[in-house]
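Undergrad: One structure, as structure tokens, below. Some questions next.
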Amino acid sequence: MAIDPRAVVHQRARLGDGVSVGPCSVIGEHVVIGERTEVGSGVLIEGWTEIGADCRICHGAVIGTEPQDYKYRGEESYCIVGDRNVIREYVTINRATGEGKSTTLGDGILLMAYSHVAHNCTLGDDVIIANAVNMAGHVTIEEHAMVSGLIPIHQFVRIGCHAMIGGGSRITQDVVPYGLAVGNPLSMRGINVVGLRRHRFPEGVRTTLKEAFRFLFRSGLNTSQALTRIKADLPTIPEIDHLVEFVESSKRGITK
């Protein structure tokens with residue numbers, strides 16, 4: 001370990017082999033940090049927080065602090081951060097509200113400067129969050145989604161896997177998997193063609209998703225009617241199954 005003498009690390013904190021901690025950082029009593037993670041200068045990590053291996057946490061980040069939620073009453077709740085994540089300058093991540101509940105981040109995530117992950121949020125693997133994205137509580141973002149900069153996300157909103165959101169938008173309803181949504185007010189523009197190609201989705205899958213999106217967003221059918229057509233007319237493939245399940249389980253409604 002390489003701990004700067006100006007850092008404050010609680011004696012009960014557990015730091016793995018190869019962890020480095022920069023000057024003026026503060027690591028709290030219940031914190032666990034995995035092997036080879038780099039903690040930069042002026043970082044605060046407190047509460048019941050667990051950070052995985054090979055992460056990079058940059059200057060001024062604040063992780064595991066109390067949720068900004070009137071319902072929180074000091075209960076033991078958690079902030080769980082996976083492996084290989086990059087957390088840039090002044091990012092804030094709150095732990096959860098509710099005894100035993102967690103704010104959870106997967107692996108390979110990039111959180112750009114000034115972004116905020118609120119209490120009880122869940123981020124899947126390889127998510128990219130650009131500068132100054134602000135999540136309210138209980139937001140879920142599935143794997144490989146990308147959220148561009150300067151975006152507020154309403155509480156309980158879900159963003160599906162491989163979706164991309166254009167910058168400067170305001171997200172108040174769920175964004176379906178594999179989609180591209182832009183504008184303010186936010187609207188769906190089709191499938192995330194570039195993202196799906198980059199992740200090597202076969203042409204047949206992309207074509208089927210385009211047809212599903214046509215039913216959902218351009219056919220004039222309501223959502224229930226569109227789902228009925230998708231189930232009846234399109235091949236049964238995992239991507240279509242996930243899209244249908246996502247829409248059927250939406251509580252806030254989907255972005256149209």
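Chain lettering (A, B, ...) mirrors the order of the structure tokens, residue numbering begins at 1 for each chain separately, and ligand numbering begins at 1 in order of display.
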Name the residues of segment 6-247 of chain A that fall into strand (DSSP E) according to DSSP on the backbone, using the chain letters and numbers of this document, as a ChimeraX atom specification.
TA: /A:8-9,14-15,20-21,26-27,32-33,38-39,44-45,48-51,56-57,62-65,78-81,86-87,92-94,102-105,110-111,116-117,122-123,128-129,134-135,140-141,146-147,152-153,158-159,164-165,179-182,187-191
Undergrad: Applying 9 Å and only C-alpha atoms, which residues near segment 245-254 of chain A remain after dropping the ones on its own chain fewer than 4 positions away? List them as a PyMOL selection string.
TA: chain A and resi 156-158+160+172-177+223-224+227+240-241
Undergrad: Please write the residues from the selection above to a file, keeping C-alpha atoms, as a JSON list (two decimals), in the first residue's frame.
TA:
[["chain", "number", "residue", "atom", "x", "y", "z"],
["A", 156, "PHE", "CA", -37.50, 5.60, -10.04],
["A", 157, "VAL", "CA", -36.71, 6.03, -13.74],
["A", 158, "ARG", "CA", -35.13, 3.07, -15.57],
["A", 160, "GLY", "CA", -32.51, 0.06, -20.53],
["A", 172, "THR", "CA", -38.88, 11.69, -16.48],
["A", 173, "GLN", "CA", -40.00, 8.31, -17.87],
["A", 174, "ASP", "CA", -38.31, 5.00, -18.62],
["A", 175, "VAL", "CA", -36.09, 4.76, -21.70],
["A", 176, "VAL", "CA", -36.38, 1.38, -23.40],
["A", 177, "PRO", "CA", -33.37, -0.89, -24.03],
["A", 223, "THR", "CA", -48.37, 0.44, -26.03],
["A", 224, "SER", "CA", -50.51, -2.63, -25.27],
["A", 227, "LEU", "CA", -46.66, -5.31, -27.53],
["A", 240, "ILE", "CA", -37.07, -8.82, -27.98],
["A", 241, "ASP", "CA", -37.96, -10.74, -24.82]]
Undergrad: Counting only C-alpha atoms, which of A:Ala212, A:Val127, A:Met164, A:Ile93 gets nearest to Thr65 of chain A?
TA: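 For Thr65 of chain A, the nearest of the given residues is A:Ile93.
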Undergrad: Check the DSSP output for the backbone and give back, as a ChimeraX atom specification, the residues of segment 35-252 of chain A in helix (DSSP H, G or I).
TA: /A:193-198,203-217,223-233,238-248
Undergrad: Can you tell me which residues surround segment 195-197 of chain A at a distance of at most 8 Å, considering only C-alpha atoms, apart from same-chain residues fewer than 5 positions away, and format the answer as a list in words?
TA: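 Once the nearby chain positions are removed, what remains is His162, Ala163, Met164, Tyr178, Pro202 and Arg206 of chain A.
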Undergrad: Hey, can you spit out that residue selection with N, CA and C atoms as a PDB file, in the first residue's frame?
TA:
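The resulting out07.pdb:
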ATOM      1  N   HIS A 162     -27.914  -0.794 -23.360  1.00  0.00           N
ATOM      2  CA  HIS A 162     -27.480  -0.342 -24.682  1.00  0.00           C
ATOM      3  C   HIS A 162     -28.244   0.879 -25.182  1.00  0.00           C
ATOM      4  N   ALA A 163     -28.950   1.565 -24.282  1.00  0.00           N
ATOM      5  CA  ALA A 163     -29.612   2.807 -24.673  1.00  0.00           C
ATOM      6  C   ALA A 163     -28.606   3.954 -24.644  1.00  0.00           C
ATOM      7  N   MET A 164     -28.884   4.993 -25.424  1.00  0.00           N
ATOM      8  CA  MET A 164     -28.078   6.208 -25.407  1.00  0.00           C
ATOM      9  C   MET A 164     -28.999   7.410 -25.302  1.00  0.00           C
ATOM     10  N   TYR A 178     -31.889  -0.540 -25.891  1.00  0.00           N
ATOM     11  CA  TYR A 178     -31.414  -0.495 -27.281  1.00  0.00           C
ATOM     12  C   TYR A 178     -31.806   0.783 -28.021  1.00  0.00           C
ATOM     13  N   PRO A 202     -25.692  -8.805 -34.262  1.00  0.00           N
ATOM     14  CA  PRO A 202     -25.869  -9.250 -35.653  1.00  0.00           C
ATOM     15  C   PRO A 202     -26.900  -8.390 -36.383  1.00  0.00           C
ATOM     16  N   ARG A 206     -30.505  -6.468 -35.167  1.00  0.00           N
ATOM     17  CA  ARG A 206     -30.761  -5.032 -35.335  1.00  0.00           C
ATOM     18  C   ARG A 206     -32.027  -4.803 -36.165  1.00  0.00           C
TER      19      ARG A 206
END
Undergrad: Please provide the set of residues having any atom within 10 Å of Met1 of chain A, restricted to only C-alpha atoms, with same-chain residues fewer than 5 positions apart removed, written as a PyMOL selection string.
TA: chain A and resi 15-21+35-37
Undergrad: Under the rule that only C-alpha atoms are counted, which of A:Val193, A:Ile80, A:Val205, A:Ala132 is the nearest residue to Ser148 of chain A?
TA: A:Ala132
Undergrad: Pick out the residues sitting within 7 Å of Glu50 of chain A, and hand them over as a ChimeraX atom specification; count only C-alpha atoms, and ignore anything fewer than 3 positions along from it in its own chain.
TA: /A:31-33,79-81
Undergrad: Choose the residue, out of A:Gly82, A:Gly167, A:Gly74, A:Pro5, that has the smallest atom-to-atom separation from Pro23 of chain A; count only C-alpha atoms.
TA: A:Pro5
Undergrad: Which is closest to Thr236 of chain A among A:Val194, A:His144, A:Thr208, A:His116, if we use only C-alpha atoms?
TA: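 Using only C-alpha atoms, the shortest distance to Thr236 of chain A belongs to A:Thr208.
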Undergrad: Just want the 9 Å neighbourhood of Gln225 of chain A, counted on only C-alpha atoms, with same-chain residues fewer than 5 positions away dropped. Output as an mmCIF file with C-alpha atoms, in the first residue's frame.
TA:
data_model
loop_
_atom_site.group_PDB
_atom_site.id
_atom_site.type_symbol
_atom_site.label_atom_id
_atom_site.label_comp_id
_atom_site.auth_asym_id
_atom_site.auth_seq_id
_atom_site.Cartn_x
_atom_site.Cartn_y
_atom_site.Cartn_z
ATOM 1 C CA PHE A 215 -44.567 -1.042 -33.622
ATOM 2 C CA LEU A 216 -43.897 0.801 -30.353
ATOM 3 C CA ILE A 230 -44.418 -7.619 -31.343
#
Undergrad: What's the separation between atom CA of Ile237 of chain A and atom CA of Arg200 of chain A, in Å to one decimal place?
TA: 15.7 Å
Undergrad: Would you please work out which residue, of A:Ser115, A:Ser102, A:Thr255, A:Asn134, is nearest to Leu180 of chain A when using only C-alpha atoms?
TA: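 Counting only C-alpha atoms, the residue closest to Leu180 of chain A is A:Thr255.
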